[in-house]
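Have a look at the structure below, then the notes.
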Amino acid sequence: SPDLVILDICLGDQAVGYQILQGMRQDDELMSTPVIICTADTSFVRENRDVVDALNADILEKPFDLEVLEEKVSLALSGQVVKTGEADPVS
């Protein structure tokens, strides 16, 4: 099992990454794997924030600062809660 998954939610015009995340949360081996959604589709994640939060995933909107990604990865790998209340814009 992976220690962490960084997942783009939309591939083309379909939310394939969202389907992958749903499948992960139904899989006994992957259900607790930390997930960081890294996406440029800000409207999708904002409209579906409750669902994404329920699936226990963090969101990082593109474009993003590499330091923010590194911080989220570090927190996730240390077992700390990764989710944030708002998506993180570029500083």
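Following the order of the structure tokens, chains are lettered A, B, ..., residues in each are numbered from 1, and ligands are numbered from 1.
Using only C-alpha atoms, the residues found no farther than 10 Å from Val52 in chain A, other than those of its own chain fewer than 4 positions away, are A:Tyr18, A:Leu21, A:Gln22, A:Ile37, A:Val45, A:Arg46, A:Glu47, A:Asn48, A:Asn56, A:Ala57, A:Asp58, A:Ile59, A:Lys83.
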query: Which of chain A counts as helix (DSSP H, G or I) under DSSP, as a PyMOL selection string please?
result: chain A and resi 16-26+42-47+49-54+66-77
Please produce an output containing N, CA and C atoms for each residue in the selection, written as an mmCIF file, in the first residue's frame.
```cif
data_model
loop_
_atom_site.group_PDB
_atom_site.id
_atom_site.type_symbol
_atom_site.label_atom_id
_atom_site.label_comp_id
_atom_site.auth_asym_id
_atom_site.auth_seq_id
_atom_site.Cartn_x
_atom_site.Cartn_y
_atom_site.Cartn_z
ATOM 1 N N VAL A 16 -12.440 11.479 -12.991
ATOM 2 C CA VAL A 16 -11.908 10.135 -12.791
ATOM 3 C C VAL A 16 -11.196 10.028 -11.440
ATOM 4 N N GLY A 17 -10.447 11.042 -11.071
ATOM 5 C CA GLY A 17 -9.747 11.029 -9.794
ATOM 6 C C GLY A 17 -10.701 10.926 -8.621
ATOM 7 N N TYR A 18 -11.840 11.562 -8.738
ATOM 8 C CA TYR A 18 -12.871 11.479 -7.700
ATOM 9 C C TYR A 18 -13.350 10.042 -7.566
ATOM 10 N N GLN A 19 -13.530 9.369 -8.686
ATOM 11 C CA GLN A 19 -13.945 7.966 -8.670
ATOM 12 C C GLN A 19 -12.860 7.084 -8.045
ATOM 13 N N ILE A 20 -11.611 7.410 -8.336
ATOM 14 C CA ILE A 20 -10.494 6.668 -7.725
ATOM 15 C C ILE A 20 -10.520 6.859 -6.214
ATOM 16 N N LEU A 21 -10.719 8.097 -5.760
ATOM 17 C CA LEU A 21 -10.771 8.381 -4.328
ATOM 18 C C LEU A 21 -11.914 7.625 -3.661
ATOM 19 N N GLN A 22 -13.078 7.608 -4.284
ATOM 20 C CA GLN A 22 -14.203 6.856 -3.729
ATOM 21 C C GLN A 22 -13.849 5.371 -3.610
ATOM 22 N N GLY A 23 -13.217 4.826 -4.639
ATOM 23 C CA GLY A 23 -12.813 3.426 -4.609
ATOM 24 C C GLY A 23 -11.794 3.142 -3.527
ATOM 25 N N MET A 24 -10.858 4.072 -3.326
ATOM 26 C CA MET A 24 -9.857 3.907 -2.265
ATOM 27 C C MET A 24 -10.526 3.831 -0.902
ATOM 28 N N ARG A 25 -11.522 4.659 -0.669
ATOM 29 C CA ARG A 25 -12.170 4.704 0.638
ATOM 30 C C ARG A 25 -13.038 3.480 0.900
ATOM 31 N N GLN A 26 -13.314 2.696 -0.142
ATOM 32 C CA GLN A 26 -14.073 1.459 0.017
ATOM 33 C C GLN A 26 -13.170 0.238 0.108
ATOM 34 N N THR A 42 -10.958 24.106 -9.625
ATOM 35 C CA THR A 42 -11.371 24.673 -8.345
ATOM 36 C C THR A 42 -12.882 24.658 -8.172
ATOM 37 N N SER A 43 -13.623 24.822 -9.249
ATOM 38 C CA SER A 43 -15.078 24.823 -9.112
ATOM 39 C C SER A 43 -15.587 23.456 -8.667
ATOM 40 N N PHE A 44 -15.007 22.369 -9.184
ATOM 41 C CA PHE A 44 -15.440 21.033 -8.784
ATOM 42 C C PHE A 44 -15.192 20.803 -7.299
ATOM 43 N N VAL A 45 -13.982 21.114 -6.822
ATOM 44 C CA VAL A 45 -13.687 20.835 -5.414
ATOM 45 C C VAL A 45 -14.467 21.745 -4.481
ATOM 46 N N ARG A 46 -14.722 22.968 -4.896
ATOM 47 C CA ARG A 46 -15.504 23.865 -4.047
ATOM 48 C C ARG A 46 -16.968 23.441 -3.994
ATOM 49 N N GLU A 47 -17.512 23.002 -5.121
ATOM 50 C CA GLU A 47 -18.899 22.541 -5.156
ATOM 51 C C GLU A 47 -19.078 21.216 -4.420
ATOM 52 N N ARG A 49 -16.988 20.126 -1.808
ATOM 53 C CA ARG A 49 -16.126 20.136 -0.617
ATOM 54 C C ARG A 49 -16.638 19.196 0.471
ATOM 55 N N ASP A 50 -17.938 19.175 0.716
ATOM 56 C CA ASP A 50 -18.481 18.297 1.763
ATOM 57 C C ASP A 50 -18.191 16.834 1.459
ATOM 58 N N VAL A 51 -18.333 16.466 0.204
ATOM 59 C CA VAL A 51 -18.074 15.079 -0.196
ATOM 60 C C VAL A 51 -16.592 14.760 -0.071
ATOM 61 N N VAL A 52 -15.742 15.679 -0.522
ATOM 62 C CA VAL A 52 -14.295 15.476 -0.428
ATOM 63 C C VAL A 52 -13.878 15.381 1.038
ATOM 64 N N ASP A 53 -14.429 16.238 1.890
ATOM 65 C CA ASP A 53 -14.128 16.175 3.319
ATOM 66 C C ASP A 53 -14.575 14.844 3.913
ATOM 67 N N ALA A 54 -15.753 14.372 3.497
ATOM 68 C CA ALA A 54 -16.257 13.090 4.001
ATOM 69 C C ALA A 54 -15.359 11.932 3.574
ATOM 70 N N LEU A 66 5.344 25.071 -3.934
ATOM 71 C CA LEU A 66 5.957 23.788 -3.628
ATOM 72 C C LEU A 66 6.104 23.604 -2.121
ATOM 73 N N GLU A 67 6.368 24.679 -1.406
ATOM 74 C CA GLU A 67 6.514 24.596 0.053
ATOM 75 C C GLU A 67 5.207 24.160 0.725
ATOM 76 N N VAL A 68 4.070 24.595 0.183
ATOM 77 C CA VAL A 68 2.775 24.198 0.738
ATOM 78 C C VAL A 68 2.559 22.704 0.506
ATOM 79 N N LEU A 69 2.894 22.238 -0.693
ATOM 80 C CA LEU A 69 2.776 20.808 -0.977
ATOM 81 C C LEU A 69 3.682 20.007 -0.047
ATOM 82 N N GLU A 70 4.916 20.440 0.123
ATOM 83 C CA GLU A 70 5.849 19.741 1.008
ATOM 84 C C GLU A 70 5.321 19.681 2.433
ATOM 85 N N GLU A 71 4.713 20.769 2.899
ATOM 86 C CA GLU A 71 4.151 20.796 4.251
ATOM 87 C C GLU A 71 2.995 19.805 4.381
ATOM 88 N N LYS A 72 2.117 19.782 3.388
ATOM 89 C CA LYS A 72 0.988 18.859 3.420
ATOM 90 C C LYS A 72 1.462 17.409 3.380
ATOM 91 N N VAL A 73 2.460 17.129 2.560
ATOM 92 C CA VAL A 73 3.012 15.771 2.481
ATOM 93 C C VAL A 73 3.628 15.386 3.818
ATOM 94 N N SER A 74 4.389 16.280 4.410
ATOM 95 C CA SER A 74 5.022 16.003 5.698
ATOM 96 C C SER A 74 3.985 15.725 6.776
ATOM 97 N N LEU A 75 2.935 16.540 6.829
ATOM 98 C CA LEU A 75 1.869 16.330 7.811
ATOM 99 C C LEU A 75 1.172 14.991 7.590
ATOM 100 N N ALA A 76 0.878 14.695 6.339
ATOM 101 C CA ALA A 76 0.181 13.447 6.031
ATOM 102 C C ALA A 76 1.031 12.238 6.416
ATOM 103 N N LEU A 77 2.307 12.270 6.103
ATOM 104 C CA LEU A 77 3.182 11.137 6.396
ATOM 105 C C LEU A 77 3.459 10.986 7.886
#
```
- request: Could you check how far CA of Ile9 in chain A sits from CA of Pro34 in chain A, in Å to one decimal?
  value: 14.7 Å
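Distance check against Ser1 in chain A using only C-alpha atoms: of A:Met31, A:Ile36, A:Leu55, A:Ala15, the minimum falls on A:Met31.
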message: Using DSSP secondary structure from the backbone, list all strand (DSSP E or B) positions within chain A, as a list of chain:residue names.
response: A:Val5, A:Ile6, A:Leu7, A:Leu11, A:Gln14, A:Val35, A:Ile36, A:Ile37, A:Cys38, A:Thr39, A:Ala57, A:Asp58, A:Ile59, A:Leu60, A:Glu61
Residues as selected, C-alpha atoms, written as an mmCIF file, in the first residue's frame, can you do that?
```cif
data_model
loop_
_atom_site.group_PDB
_atom_site.id
_atom_site.type_symbol
_atom_site.label_atom_id
_atom_site.label_comp_id
_atom_site.auth_asym_id
_atom_site.auth_seq_id
_atom_site.Cartn_x
_atom_site.Cartn_y
_atom_site.Cartn_z
ATOM 1 C CA VAL A 5 -1.496 9.493 -2.749
ATOM 2 C CA ILE A 6 -1.435 12.804 -4.601
ATOM 3 C CA LEU A 7 -4.387 12.716 -6.936
ATOM 4 C CA LEU A 11 -8.682 14.049 -16.135
ATOM 5 C CA GLN A 14 -14.299 13.666 -16.311
ATOM 6 C CA VAL A 35 -4.827 11.659 -0.053
ATOM 7 C CA ILE A 36 -3.980 15.135 -1.280
ATOM 8 C CA ILE A 37 -6.144 16.257 -4.174
ATOM 9 C CA CYS A 38 -4.050 18.487 -6.389
ATOM 10 C CA THR A 39 -6.251 20.092 -9.033
ATOM 11 C CA ALA A 57 -8.872 14.112 1.587
ATOM 12 C CA ASP A 58 -6.990 17.375 1.594
ATOM 13 C CA ILE A 59 -7.174 19.808 -1.327
ATOM 14 C CA LEU A 60 -4.370 21.745 -2.940
ATOM 15 C CA GLU A 61 -5.444 24.000 -5.797
#
```
